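Peer 1: Got a structure here, written out as structure tokens. Questions coming.
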Amino acid sequence: MALDRFFRRRRPQQQPGADVPDLWTQCPACKEGVYNRDLEAGAYVCPKCGHHIRLDAAQRVQVLLDEGSFTQLSGRVQPTDALNFQDTEAYTERLRRAQKKTGRPDAILTGTGTILDVPVTLAVMDFAFSGGSMGSVVGEEIARAAEHAAATGTPLIIVTASGGARMQESALSLMQMAKTTVALEGLTERGLPYVSLLTDPTTGGVTASFATIADVIVAEPGALIGFAGPRVIQQTIRQNLPEGFQRAEFLLEHGMVDAVVDRREQRAYLASLLDLLTRREVSA
């Protein structure tokens with residue numbers, strides 16, 4: 001063995017199974033590194049540029065609800081491949097991979113809890129599960145959450161994050177638009193408020209159904225909200241789109257959403273809003 005090879009410095013190799021903590025997250029907007037503890041303390045909003053980093057369903061519950069107040073309702077309904085759908089791979093294989101990644105049966109988490117002591121029923125879409133696509137399970141769980149809210153007399157909050165209807169379920173997915181809309185009528189009949197919180201992104205059949213028929217529609221700063229994507233629209237109409245088109249601030253200016261609320265202020269905002277809508281007495 002040559003001496004230069006013997007004395008050559010070798011890079012340390014990570015041993016298989018070694019537990020190396022991930023302490024930093026790079027902001028996708030400003031590319032700055034943020035210490036994870038600071039990020040969590042700031043509701044996963046970049047402290048340097050204010051970018052709202054996408055959350056999974058569990059993180060959203062953590063940010064919105066009072067600590068320890070969440071009781072899960074969803075999780076008993078499992079998706080099926082009724083059409084034996086296959087494109088580049090079988091739909092069943094896609095489902096298994098998404099379930100393993102997120103630890104939940106489908107792209108939705110529902111339950112009950114409190115926001116600053118205000119009782120609520122909460123449904124949160126999980127973009128990490130197949131882009132938050134809406135299939136039969138998502139529609140069923142949202143309908144059940146609406147029915148539970150109506151039965152218990154609690155306001156309903158739905159947090160959306162979705163690319164739209166799930167193509168692998170075809171017409172069964174599109175039927176969820178009507179199903180969820182009808183289910184929400186029970187809240188109207190009981191005089192209970194329904195608040196929709198639109199996060200990045202909220203598009204397709206979700207936008208065209210339950211996401212935009214709420215009593216109050218709130219959006220996160222910078223969230224992409226629309227039916228078709230801006231690139232598709234621009235290619236169809238062959239015109240340049242206005243700056244900020246389909247972003248939360250643009251939609252607020254044009255009357256599609258009622259408020260754009262920073263994530264760090266959402267708990268206080270929603271608690272005050274629900275106090276007002278339910279005519280609860282606010283303690284001094």
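Letters A, B, ... go to the chains of the structure tokens in the order shown; residues in each chain start at 1; ligands are counted from 1 in the same order.
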Can you write out as a Markdown table which residues of segment 110-207 of chain A fall within 8 Å of segment 76-80 of chain A, alongside each residue's closest atom pair and its distance in Å to one decimal, counting only C-alpha atoms and ordering rows by chain and ascending residue number?

Peer 2:
| residue | atom | partner | partner_atom | distance |
| --- | --- | --- | --- | --- |
| A:Ser136 | CA | A:Pro79 | CA | 7.1 |
| A:Val137 | CA | A:Pro79 | CA | 5.9 |
| A:Glu141 | CA | A:Val77 | CA | 7.8 |

Peer 1: Generate a file of the selected residues that holds all heavy atoms, formatted as a tab-separated table (two decimals), in the first residue's frame.

Peer 2:
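Written output follows (selection-v5.tsv):
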chain	number	residue	atom	x	y	z
A	136	SER	N	-62.70	9.45	-1.25
A	136	SER	CA	-63.91	9.08	-0.52
A	136	SER	C	-63.74	9.18	0.99
A	136	SER	O	-64.66	9.58	1.70
A	136	SER	CB	-64.32	7.65	-0.90
A	136	SER	OG	-64.56	7.54	-2.28
A	137	VAL	N	-62.56	8.83	1.49
A	137	VAL	CA	-62.34	8.88	2.95
A	137	VAL	C	-62.33	10.32	3.44
A	137	VAL	O	-62.92	10.62	4.48
A	137	VAL	CB	-61.03	8.16	3.31
A	137	VAL	CG1	-60.68	8.40	4.78
A	137	VAL	CG2	-61.16	6.67	3.05
A	141	GLU	N	-64.94	11.65	6.21
A	141	GLU	CA	-64.48	12.16	7.51
A	141	GLU	C	-64.93	13.60	7.72
A	141	GLU	O	-65.27	13.99	8.84
A	141	GLU	CB	-62.96	12.05	7.63
A	141	GLU	CG	-62.42	10.62	7.68
A	141	GLU	CD	-62.72	9.91	8.99
A	141	GLU	OE1	-63.55	10.39	9.77
A	141	GLU	OE2	-62.11	8.85	9.22

Peer 1: Which residues are close to Arg166 of chain A, i.e. within 9 Å by only C-alpha atoms, leaving aside same-chain residues fewer than 2 positions away? Reply as a VMD selection string.

Peer 2: chain A and resid 130 132 to 136 163 to 164 168 to 170 172 to 174

Peer 1: Please produce an output containing C-alpha atoms for each residue in the selection, written as a PDB file, in the first residue's frame.

Peer 2:
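Dumped to result-v8.pdb:
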ATOM      1  CA  SER A 130     -50.789  12.442  -1.681  1.00  0.00           C
ATOM      2  CA  GLY A 132     -53.950  16.361   0.405  1.00  0.00           C
ATOM      3  CA  SER A 133     -56.066  14.993  -2.425  1.00  0.00           C
ATOM      4  CA  MET A 134     -59.749  14.515  -1.667  1.00  0.00           C
ATOM      5  CA  GLY A 135     -60.998  10.970  -2.043  1.00  0.00           C
ATOM      6  CA  SER A 136     -63.910   9.078  -0.522  1.00  0.00           C
ATOM      7  CA  GLY A 163     -54.301  19.785  -4.707  1.00  0.00           C
ATOM      8  CA  GLY A 164     -57.953  18.905  -5.320  1.00  0.00           C
ATOM      9  CA  GLN A 168     -57.370   7.557  -8.752  1.00  0.00           C
ATOM     10  CA  GLU A 169     -60.954   7.540  -7.453  1.00  0.00           C
ATOM     11  CA  SER A 170     -62.425   9.317 -10.480  1.00  0.00           C
ATOM     12  CA  LEU A 172     -66.156   8.778  -6.531  1.00  0.00           C
ATOM     13  CA  SER A 173     -63.826  11.611  -5.605  1.00  0.00           C
ATOM     14  CA  LEU A 174     -65.905  14.242  -7.370  1.00  0.00           C
TER      15      LEU A 174
END

Peer 1: Using only C-alpha atoms, determine which residues lie at most 8 Å from Arg247 of chain A, disregarding the query and same-chain residues fewer than 5 positions distant; provide the list as JSON, numbers by chain.

Peer 2: {"A": [222, 223, 224, 225]}

Peer 1: For N, CA and C atoms, I'd like the residues from the last selection saved as a PDB file, in the first residue's frame.

Peer 2:
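Listed below is the output, selection_13.pdb:
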ATOM      1  N   GLY A 222     -49.795  34.523   1.893  1.00  0.00           N
ATOM      2  CA  GLY A 222     -49.075  33.924   0.781  1.00  0.00           C
ATOM      3  C   GLY A 222     -49.640  32.624   0.266  1.00  0.00           C
ATOM      4  N   ALA A 223     -50.754  32.141   0.822  1.00  0.00           N
ATOM      5  CA  ALA A 223     -51.311  30.859   0.400  1.00  0.00           C
ATOM      6  C   ALA A 223     -51.812  30.922  -1.038  1.00  0.00           C
ATOM      7  N   LEU A 224     -51.526  29.868  -1.806  1.00  0.00           N
ATOM      8  CA  LEU A 224     -52.068  29.729  -3.151  1.00  0.00           C
ATOM      9  C   LEU A 224     -53.473  29.152  -3.045  1.00  0.00           C
ATOM     10  N   ILE A 225     -54.456  29.864  -3.573  1.00  0.00           N
ATOM     11  CA  ILE A 225     -55.855  29.461  -3.464  1.00  0.00           C
ATOM     12  C   ILE A 225     -56.502  29.636  -4.833  1.00  0.00           C
TER      13      ILE A 225
END

Peer 1: Could you write out, as a ChimeraX atom specification, all the residues of segment 55-232 of chain A that DSSP marks as strand (DSSP E or B)?

Peer 2: /A:71-72,86,90,108-115,118-125,134,156-162,165,194-202,216-219,224-225

Peer 1: Taking only C-alpha atoms into account, name the residue in A:Met167, A:Val182, A:Ile53, A:Val218 that is nearest to Glu265 of chain A.

Peer 2: A:Val218
